[in-house]
Every structure is written in C-alpha cells, then in structure tokens.
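Trainee: my_file_20.pdb is reproduced in full below (PDB, C-alpha atoms).
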```
MODEL        1
ATOM      1  CA  ASP A   1      38.913-145.677  33.991
ATOM      2  CA  ASP A   2      35.323-146.093  35.190
ATOM      3  CA  ASP A   3      36.128-144.317  38.478
ATOM      4  CA  TYR A   4      36.475-141.056  36.554
ATOM      5  CA  ASP A   5      33.120-141.436  34.783
ATOM      6  CA  GLN A   6      31.193-139.540  37.450
ATOM      7  CA  THR A   7      27.938-137.572  37.324
ATOM      8  CA  LEU A   8      26.966-135.286  40.208
ATOM      9  CA  THR A   9      23.422-133.912  40.284
ATOM     10  CA  GLU A  10      22.464-131.840  43.309
ATOM     11  CA  TYR A  11      20.137-128.897  43.943
ATOM     12  CA  SER A  12      20.357-125.793  46.103
ATOM     13  CA  TYR A  13      17.759-123.279  47.236
ATOM     14  CA  ASN A  14      17.222-120.233  49.416
ATOM     15  CA  SER A  15      13.672-119.511  50.525
ATOM     16  CA  GLY A  16      11.869-117.429  53.145
ATOM     17  CA  LEU A  17       8.322-116.766  54.352
ATOM     18  CA  VAL A  18       7.569-113.488  56.163
ATOM     19  CA  TRP A  19       4.356-112.672  58.075
ATOM     20  CA  GLN A  20       3.654-109.175  59.387
ATOM     21  CA  ALA A  21       1.515-110.319  62.344
ATOM     22  CA  THR A  22       0.939-106.856  63.853
ATOM     23  CA  ASP A  23       2.282-103.340  63.466
ATOM     24  CA  TYR A  24       5.013-104.348  65.922
ATOM     25  CA  ASP A  25       5.611-108.046  65.223
ATOM     26  CA  THR A  26       7.137-109.872  62.269
ATOM     27  CA  LEU A  27       7.634-113.629  61.952
ATOM     28  CA  ARG A  28      10.117-115.158  59.496
ATOM     29  CA  LEU A  29      10.673-118.755  58.418
ATOM     30  CA  ASN A  30      13.829-119.318  56.361
ATOM     31  CA  THR A  31      15.487-122.357  54.859
ATOM     32  CA  ALA A  32      18.475-122.746  52.567
ATOM     33  CA  ARG A  33      20.520-125.550  51.035
ATOM     34  CA  GLY A  34      24.078-124.935  49.880
ATOM     35  CA  LEU A  35      26.616-127.102  48.062
ATOM     36  CA  GLU A  36      30.398-127.501  48.041
ATOM     37  CA  VAL A  37      31.185-129.351  44.826
ATOM     38  CA  PRO A  38      34.594-131.120  44.642
ATOM     39  CA  SER A  39      37.190-129.212  42.650
ATOM     40  CA  LEU A  40      38.967-130.634  39.614
ATOM     41  CA  LEU A  41      42.080-130.993  41.780
ATOM     42  CA  ALA A  42      40.154-132.999  44.387
ATOM     43  CA  PHE A  43      38.759-135.187  41.617
ATOM     44  CA  GLY A  44      41.893-136.012  39.708
ATOM     45  CA  ILE A  45      45.232-134.471  40.681
ATOM     46  CA  ASP A  46      48.107-136.965  40.616
ATOM     47  CA  ASN A  47      51.181-135.346  42.113
ATOM     48  CA  THR A  48      53.946-137.863  42.867
ATOM     49  CA  LEU A  49      56.354-136.105  45.231
ATOM     50  CA  ALA A  50      58.641-139.122  45.674
ATOM     51  CA  PRO A  51      58.417-142.891  45.217
ATOM     52  CA  GLY A  52      55.467-143.992  47.364
ATOM     53  CA  LEU A  53      54.618-140.404  48.328
ATOM     54  CA  VAL A  54      51.625-139.105  46.379
ATOM     55  CA  PHE A  55      49.371-136.102  46.826
ATOM     56  CA  GLY A  56      46.416-137.275  44.774
ATOM     57  CA  GLY A  57      42.754-136.707  43.976
ATOM     58  CA  ASP A  58      39.850-139.119  44.268
ATOM     59  CA  PRO A  59      36.993-139.120  41.705
ATOM     60  CA  ARG A  60      34.712-140.781  44.274
ATOM     61  CA  VAL A  61      34.597-137.669  46.501
ATOM     62  CA  GLN A  62      31.005-136.543  47.000
ATOM     63  CA  THR A  63      29.463-133.064  47.133
ATOM     64  CA  SER A  64      29.179-131.583  50.635
ATOM     65  CA  ILE A  65      25.640-130.413  51.470
ATOM     66  CA  PHE A  66      24.754-127.688  54.003
ATOM     67  CA  THR A  67      21.123-127.172  55.066
ATOM     68  CA  ASN A  68      19.796-124.446  57.366
ATOM     69  CA  TYR A  69      16.392-123.886  58.996
ATOM     70  CA  GLU A  70      15.526-120.750  60.983
ATOM     71  CA  LEU A  71      12.424-119.394  62.729
ATOM     72  CA  ALA A  72      12.659-115.762  63.808
ATOM     73  CA  TRP A  73      10.538-113.129  65.577
ATOM     74  CA  ASP A  74      11.124-109.358  65.423
ATOM     75  CA  HIS A  75       9.294-107.067  67.858
ATOM     76  CA  SER A  76       9.384-103.274  67.702
ATOM     77  CA  ILE A  77       9.555-101.555  71.134
ATOM     78  CA  GLN A  78       8.522 -97.927  70.914
ATOM     79  CA  VAL A  79       9.379 -96.990  74.500
ATOM     80  CA  ILE A  80      13.113 -97.484  73.762
ATOM     81  CA  ASN A  81      12.814 -96.552  70.083
ATOM     82  CA  GLY A  82      14.267 -99.940  69.319
ATOM     83  CA  LEU A  83      13.864-103.527  68.231
ATOM     84  CA  PHE A  84      14.001-106.964  69.866
ATOM     85  CA  ARG A  85      15.034-109.875  67.635
ATOM     86  CA  SER A  86      15.061-113.595  68.359
ATOM     87  CA  ALA A  87      15.687-116.691  66.275
ATOM     88  CA  ILE A  88      16.123-120.425  66.676
ATOM     89  CA  PHE A  89      18.087-122.380  64.080
ATOM     90  CA  TYR A  90      19.075-125.889  63.057
ATOM     91  CA  ASN A  91      21.886-126.708  60.613
ATOM     92  CA  THR A  92      23.153-129.930  59.056
ATOM     93  CA  SER A  93      26.379-130.550  57.134
ATOM     94  CA  THR A  94      26.779-133.890  55.352
ATOM     95  CA  ASP A  95      29.689-135.496  53.467
ATOM     96  CA  LEU A  96      32.201-132.958  54.760
ATOM     97  CA  LYS A  97      35.376-132.902  52.678
ATOM     98  CA  SER A  98      38.902-132.685  54.012
ATOM     99  CA  VAL A  99      42.466-132.616  52.691
ATOM    100  CA  PRO A 100      44.031-134.730  53.978
ATOM    101  CA  GLY A 101      41.021-136.997  54.301
ATOM    102  CA  ARG A 102      42.418-140.443  53.575
ATOM    103  CA  ILE A 103      45.954-141.635  54.278
ATOM    104  CA  ASP A 104      47.370-144.585  52.338
ATOM    105  CA  GLY A 105      50.880-145.237  53.595
ATOM    106  CA  LEU A 106      52.713-141.995  52.823
ATOM    107  CA  SER A 107      50.148-140.886  50.239
ATOM    108  CA  VAL A 108      47.451-138.302  50.948
ATOM    109  CA  TYR A 109      44.030-138.037  49.276
ATOM    110  CA  PRO A 110      40.907-135.894  49.816
ATOM    111  CA  ASP A 111      37.875-137.675  51.225
ATOM    112  CA  ASN A 112      34.434-137.215  52.765
ATOM    113  CA  VAL A 113      35.222-137.556  56.454
ATOM    114  CA  GLY A 114      31.827-137.274  58.188
ATOM    115  CA  ASP A 115      28.851-135.124  59.107
ATOM    116  CA  SER A 116      28.048-132.349  61.563
ATOM    117  CA  LYS A 117      24.907-130.670  62.875
ATOM    118  CA  SER A 118      24.139-127.736  65.132
ATOM    119  CA  HIS A 119      21.247-125.957  66.776
ATOM    120  CA  GLY A 120      20.972-122.767  68.762
ATOM    121  CA  ILE A 121      19.307-119.476  69.560
ATOM    122  CA  GLU A 122      20.055-115.821  68.810
ATOM    123  CA  LEU A 123      18.741-112.855  70.834
ATOM    124  CA  SER A 124      19.360-109.139  70.374
ATOM    125  CA  LEU A 125      18.004-105.852  71.659
ATOM    126  CA  GLU A 126      18.799-102.407  70.292
ATOM    127  CA  GLY A 127      17.497 -98.937  71.004
ATOM    128  CA  LYS A 128      18.168 -95.202  71.121
ATOM    129  CA  ILE A 129      18.506 -92.625  73.877
ATOM    130  CA  GLY A 130      17.502 -89.192  72.672
ATOM    131  CA  GLU A 131      18.754 -88.049  69.295
ATOM    132  CA  HIS A 132      22.426 -88.912  69.587
ATOM    133  CA  ILE A 133      22.958 -92.182  71.476
ATOM    134  CA  ASP A 134      22.241 -95.700  70.254
ATOM    135  CA  TRP A 135      22.989 -99.003  71.956
ATOM    136  CA  GLY A 136      22.671-102.722  71.380
ATOM    137  CA  ILE A 137      23.260-106.077  73.038
ATOM    138  CA  GLY A 138      23.298-109.519  71.419
ATOM    139  CA  TYR A 139      23.683-113.132  72.529
ATOM    140  CA  MET A 140      23.995-116.416  70.640
ATOM    141  CA  TYR A 141      24.167-119.989  71.902
ATOM    142  CA  GLN A 142      25.187-122.758  69.511
ATOM    143  CA  ASN A 143      25.536-126.484  70.184
ATOM    144  CA  ILE A 144      27.519-128.468  67.592
ATOM    145  CA  ASP A 145      27.496-132.256  67.323
ATOM    146  CA  ASP A 146      30.136-133.847  65.070
ATOM    147  CA  ASP A 147      29.891-137.305  63.551
ATOM    148  CA  ILE A 148      33.463-137.543  62.258
ATOM    149  CA  PRO A 149      35.026-140.986  62.892
ATOM    150  CA  SER A 150      38.604-139.645  62.825
ATOM    151  CA  ILE A 151      38.011-137.831  66.161
ATOM    152  CA  SER A 152      39.005-139.828  69.243
ATOM    153  CA  GLY A 153      39.193-137.846  72.479
ATOM    154  CA  THR A 154      41.533-134.919  71.819
ATOM    155  CA  VAL A 155      43.330-136.609  68.891
ATOM    156  CA  LEU A 156      42.274-136.328  65.239
ATOM    157  CA  THR A 157      43.752-138.997  62.974
ATOM    158  CA  GLY A 158      43.989-138.381  59.233
ATOM    159  CA  SER A 159      41.760-135.280  59.031
ATOM    160  CA  PRO A 160      41.979-131.900  60.810
ATOM    161  CA  LYS A 161      38.190-131.403  60.626
ATOM    162  CA  GLU A 162      36.568-130.660  64.015
ATOM    163  CA  PHE A 163      33.767-128.187  64.756
ATOM    164  CA  ASP A 164      32.310-129.071  68.160
ATOM    165  CA  ARG A 165      35.153-127.988  70.448
ATOM    166  CA  SER A 166      36.876-125.594  68.039
ATOM    167  CA  ASN A 167      33.848-123.236  67.996
ATOM    168  CA  PRO A 168      32.548-121.307  71.039
ATOM    169  CA  ASP A 169      29.156-122.205  72.539
ATOM    170  CA  HIS A 170      28.392-118.665  73.727
ATOM    171  CA  HIS A 171      28.761-115.297  71.978
ATOM    172  CA  ILE A 172      27.964-111.914  73.575
ATOM    173  CA  ASN A 173      28.351-108.527  71.903
ATOM    174  CA  LEU A 174      27.725-104.999  73.160
ATOM    175  CA  LYS A 175      27.540-101.711  71.287
ATOM    176  CA  LEU A 176      27.302 -98.086  72.402
ATOM    177  CA  GLY A 177      27.333 -95.306  69.835
ATOM    178  CA  TYR A 178      27.138 -91.536  69.644
ATOM    179  CA  LYS A 179      26.229 -89.532  66.550
ATOM    180  CA  ASN A 180      26.076 -85.777  66.102
ATOM    181  CA  GLY A 181      25.958 -84.224  62.658
ATOM    182  CA  PRO A 182      28.799 -85.613  60.504
ATOM    183  CA  TRP A 183      30.517 -87.196  63.537
ATOM    184  CA  GLU A 184      29.957 -90.731  64.786
ATOM    185  CA  LEU A 185      31.716 -92.671  67.547
ATOM    186  CA  ASP A 186      31.078 -96.349  68.361
ATOM    187  CA  GLY A 187      32.347 -98.587  71.134
ATOM    188  CA  LEU A 188      32.132-102.367  70.669
ATOM    189  CA  ALA A 189      32.788-105.279  73.035
ATOM    190  CA  TYR A 190      32.729-108.957  72.115
ATOM    191  CA  TYR A 191      32.998-112.089  74.254
ATOM    192  CA  VAL A 192      33.155-115.761  73.249
ATOM    193  CA  SER A 193      33.456-118.797  75.502
ATOM    194  CA  GLY A 194      36.556-121.013  75.504
ATOM    195  CA  THR A 195      37.429-123.238  72.551
ATOM    196  CA  ASP A 196      39.963-125.879  71.523
ATOM    197  CA  GLN A 197      42.296-125.214  68.589
ATOM    198  CA  VAL A 198      43.278-127.914  66.112
ATOM    199  CA  SER A 199      47.067-128.195  66.123
ATOM    200  CA  GLY A 200      49.490-130.504  64.341
ATOM    201  CA  ILE A 201      51.430-133.087  66.334
ATOM    202  CA  ASP A 202      55.206-132.747  65.984
ATOM    203  CA  GLY A 203      56.697-135.380  63.707
ATOM    204  CA  SER A 204      53.372-136.381  62.134
ATOM    205  CA  TYR A 205      51.451-135.137  59.118
ATOM    206  CA  THR A 206      48.511-137.471  59.704
ATOM    207  CA  ALA A 207      47.576-136.695  63.310
ATOM    208  CA  TYR A 208      46.341-133.559  65.068
ATOM    209  CA  THR A 209      45.470-132.621  68.626
ATOM    210  CA  LEU A 210      43.018-130.218  70.297
ATOM    211  CA  GLU A 211      44.655-127.525  72.443
ATOM    212  CA  ASP A 212      42.558-125.641  74.999
ATOM    213  CA  ILE A 213      42.143-121.889  74.434
ATOM    214  CA  ASP A 214      40.471-119.728  77.124
TER     215      ASP A 214
ENDMDL
END
```
Will you turn the file into structure tokens for me?
Mentor:
Amino acid sequence: DDDYDQTLTEYSYNSGLVWQATDYDTLRLNTARGLEVPSLLAFGIDNTLAPGLVFGGDPRVQTSIFTNYELAWDHSIQVINGLFRSAIFYNTSTDLKSVPGRIDGLSVYPDNVGDSKSHGIELSLEGKIGEHIDWGIGYMYQNIDDDIPSISGTVLTGSPKEFDRSNPDHHINLKLGYKNGPWELDGLAYYVSGTDQVSGIDGSYTAYTLEDID
C-alpha cells in the first residue's frame, strides 16, 4: 500500500546567545525547535473492536513541530542582594496531533487537528534580608491563540485539543524562606487565573465541552 511508504525528514535545534553587557546586566536570546514524531501505533494500528467499529492508525499523520523564541534580561541588584529577571517569548505549534482526531462513522483515527501559537512575558524579583531570609516574587502573562477547526464556541467536535481557554492567562508566585545552619523553612503561594476544563459530553465519544473553572 503506497500510503504506508512514508518518509519523514525534520530537524530540531536548541541554541542560545548570551551577552554580558555590564557587571550587572546579562542579555540572552534563545530559540529552540522540537518535534513530536508519530508513533508506530499512530501510523499503522488496526484494531477492529466490532463490525464497523475500528480504532486505527493513519500513515498520513505528520510530525508536530514546536518552535520557541525568547529574549531575556537579567539585572543584578546589590541593594537587595538579589536579581531581577525579565523575558518575552513567542511559541508556535503546528500540525498538532490528537487521538481521536478523525471520526469516520464509529471508527476513530489519529489526525493532525490544527495549530496553536502563544506569546507572553515573564518577570521575577528575588533577594535576601540579612543572612537568613530570602524572598521572591514572579509573574507570567501568556496569550494563546488556537487555530483548531474542531472548536466551535464551547463545544469541541472530534478532538479534545484546546489550549486557549484551558490554560490560565496569569500566573503569580510568591516565596519566603528562612535558613539557619542545617535548617531551612520555605513558604510558597501560587495563583493562576480562571480556566476552562475540557470535559466529555454524556452519551458521546466524539464531542467535548469546555467547563468553567475559577
């Protein structure tokens, strides 16, 4: 079968450029490209559960590609014996795979269901008070934009893939620690904004809904 005569040739990389601008400032430019190659099961499994009901593979499934770009600045702050960090980032995800991805009657197959991209900013500040106390605060904002045709309003048909509303836009974390000799005590607090959770619809294995979570 010609469909199974497939050749996939992709490349990945992970690269960074660092510039020590001053004794207190460091700039970093990073980029990376990752791959999610289809498994042998996704390529060719043929599991007939009942007449007309097949859980199968598809040799035409493509490799998912994830690319990240980040520009960061670190600044040492002597007065608080600490460090300020900031970064902006942009990510793309193409040919996202899903199981189920394609529904043919009662049969289910994996498929490439769409693309997604995101951009955002990360900020953090950490320091020390005296010899024993350290503290830190961090914030991240991320905006995700899905291009997945199976999403219509709050209903997902065929594929449970959804990133925009199922991931929080805002993340805040706080840390306060105390260290004395062999003893160390840390207190952590973490906040994320509201999200929607992907949930199955009763009586259907091909449709999903987004439920609000505060």
Trainee: Do you know which residues the PyMOL selection byres ((chain A and resi 116) around 12) returns on this file, as a ChimeraX atom specification?
Mentor: /A:64-67,90-97,112-115,117-119,143-149,161-164
Trainee: Okay, now the selection with C-alpha atoms, as a PDB file, keeping the file's coordinate frame?
Mentor:
```pdb
ATOM      1  CA  SER A  64      29.179-131.583  50.635  1.00  0.00           C
ATOM      2  CA  ILE A  65      25.640-130.413  51.470  1.00  0.00           C
ATOM      3  CA  PHE A  66      24.754-127.688  54.003  1.00  0.00           C
ATOM      4  CA  THR A  67      21.123-127.172  55.066  1.00  0.00           C
ATOM      5  CA  TYR A  90      19.075-125.889  63.057  1.00  0.00           C
ATOM      6  CA  ASN A  91      21.886-126.708  60.613  1.00  0.00           C
ATOM      7  CA  THR A  92      23.153-129.930  59.056  1.00  0.00           C
ATOM      8  CA  SER A  93      26.379-130.550  57.134  1.00  0.00           C
ATOM      9  CA  THR A  94      26.779-133.890  55.352  1.00  0.00           C
ATOM     10  CA  ASP A  95      29.689-135.496  53.467  1.00  0.00           C
ATOM     11  CA  LEU A  96      32.201-132.958  54.760  1.00  0.00           C
ATOM     12  CA  LYS A  97      35.376-132.902  52.678  1.00  0.00           C
ATOM     13  CA  ASN A 112      34.434-137.215  52.765  1.00  0.00           C
ATOM     14  CA  VAL A 113      35.222-137.556  56.454  1.00  0.00           C
ATOM     15  CA  GLY A 114      31.827-137.274  58.188  1.00  0.00           C
ATOM     16  CA  ASP A 115      28.851-135.124  59.107  1.00  0.00           C
ATOM     17  CA  LYS A 117      24.907-130.670  62.875  1.00  0.00           C
ATOM     18  CA  SER A 118      24.139-127.736  65.132  1.00  0.00           C
ATOM     19  CA  HIS A 119      21.247-125.957  66.776  1.00  0.00           C
ATOM     20  CA  ASN A 143      25.536-126.484  70.184  1.00  0.00           C
ATOM     21  CA  ILE A 144      27.519-128.468  67.592  1.00  0.00           C
ATOM     22  CA  ASP A 145      27.496-132.256  67.323  1.00  0.00           C
ATOM     23  CA  ASP A 146      30.136-133.847  65.070  1.00  0.00           C
ATOM     24  CA  ASP A 147      29.891-137.305  63.551  1.00  0.00           C
ATOM     25  CA  ILE A 148      33.463-137.543  62.258  1.00  0.00           C
ATOM     26  CA  PRO A 149      35.026-140.986  62.892  1.00  0.00           C
ATOM     27  CA  LYS A 161      38.190-131.403  60.626  1.00  0.00           C
ATOM     28  CA  GLU A 162      36.568-130.660  64.015  1.00  0.00           C
ATOM     29  CA  PHE A 163      33.767-128.187  64.756  1.00  0.00           C
ATOM     30  CA  ASP A 164      32.310-129.071  68.160  1.00  0.00           C
TER      31      ASP A 164
END
```
Trainee: Give, as JSON, the centre coordinates and the x, y and z edge lengths in Å to one decimal for an axis-aligned box around all listed atoms of range 65-79 of chain A, padded by 5 Å on each side.
Mentor:
```
{"center_x": 17.1, "center_y": -113.7, "center_z": 63.0, "size_x": 27.1, "size_y": 43.4, "size_z": 33.0}
```
Trainee: May I have the residues within 12 Å of range 166-182 of chain A as a count of residues only, using all atoms listed in the file and disregarding those fewer than 2 positions away in the same chain?
Mentor: 57
Trainee: How many Å separate CA of Leu83 in chain A from CA of Asn14 in chain A?
Mentor: 25.4 Å
Trainee: Might you pull out every residue within 9 Å of Pro38 in chain A, with only C-alpha atoms counted and same-chain residues fewer than 5 positions away left off, and present them as a ChimeraX atom specification?
Mentor: /A:43,59,61-64,97
Trainee: One number please: CA of Leu27 in chain A to CA of Asp74 in chain A, in Å, one decimal.
Mentor: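 Those two atoms sit 6.5 Å apart.
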Trainee: May I ask for the distance between CA of Leu35 in chain A and CA of Gly16 in chain A, given in Å to one decimal place?
Mentor: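 Computing it gives 18.4 Å between the two atoms.
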Trainee: Contacts of Ala32 in chain A at 8 Å or less, counting only C-alpha atoms, minus same-chain residues fewer than 6 places along, as a ChimeraX atom specification?
Mentor: /A:12-15,67-69
Trainee: Counting all atoms listed in the file, which residue out of A:Gln6, A:Thr31, A:Thr26, A:Ser76 sits closest to Gly44 in chain A?
Mentor: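 Distance minimum relative to Gly44 in chain A lands on A:Gln6.
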Trainee: Every residue with an atom at most 6 Å from (39.8, -135.9, 48.5) (file coordinates; all atoms listed in the file) is what I'm after, so could you write them as a CSV table (one decimal) with C-alpha atoms, in the coordinates of the input?
Mentor:
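The resulting file, selection-v8.csv, is reproduced below:
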```csv
chain,number,residue,atom,x,y,z
A,42,ALA,CA,40.2,-133.0,44.4
A,57,GLY,CA,42.8,-136.7,44.0
A,58,ASP,CA,39.8,-139.1,44.3
A,61,VAL,CA,34.6,-137.7,46.5
A,99,VAL,CA,42.5,-132.6,52.7
A,109,TYR,CA,44.0,-138.0,49.3
A,110,PRO,CA,40.9,-135.9,49.8
A,111,ASP,CA,37.9,-137.7,51.2
```
Trainee: Using only C-alpha atoms, which of A:Asp46, A:Asp2, A:Asp25, A:Glu70 sits nearest Val108 in chain A?
Mentor: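 Between A:Asp46, A:Asp2, A:Asp25, A:Glu70, the residue approaching Val108 in chain A most closely is A:Asp46.
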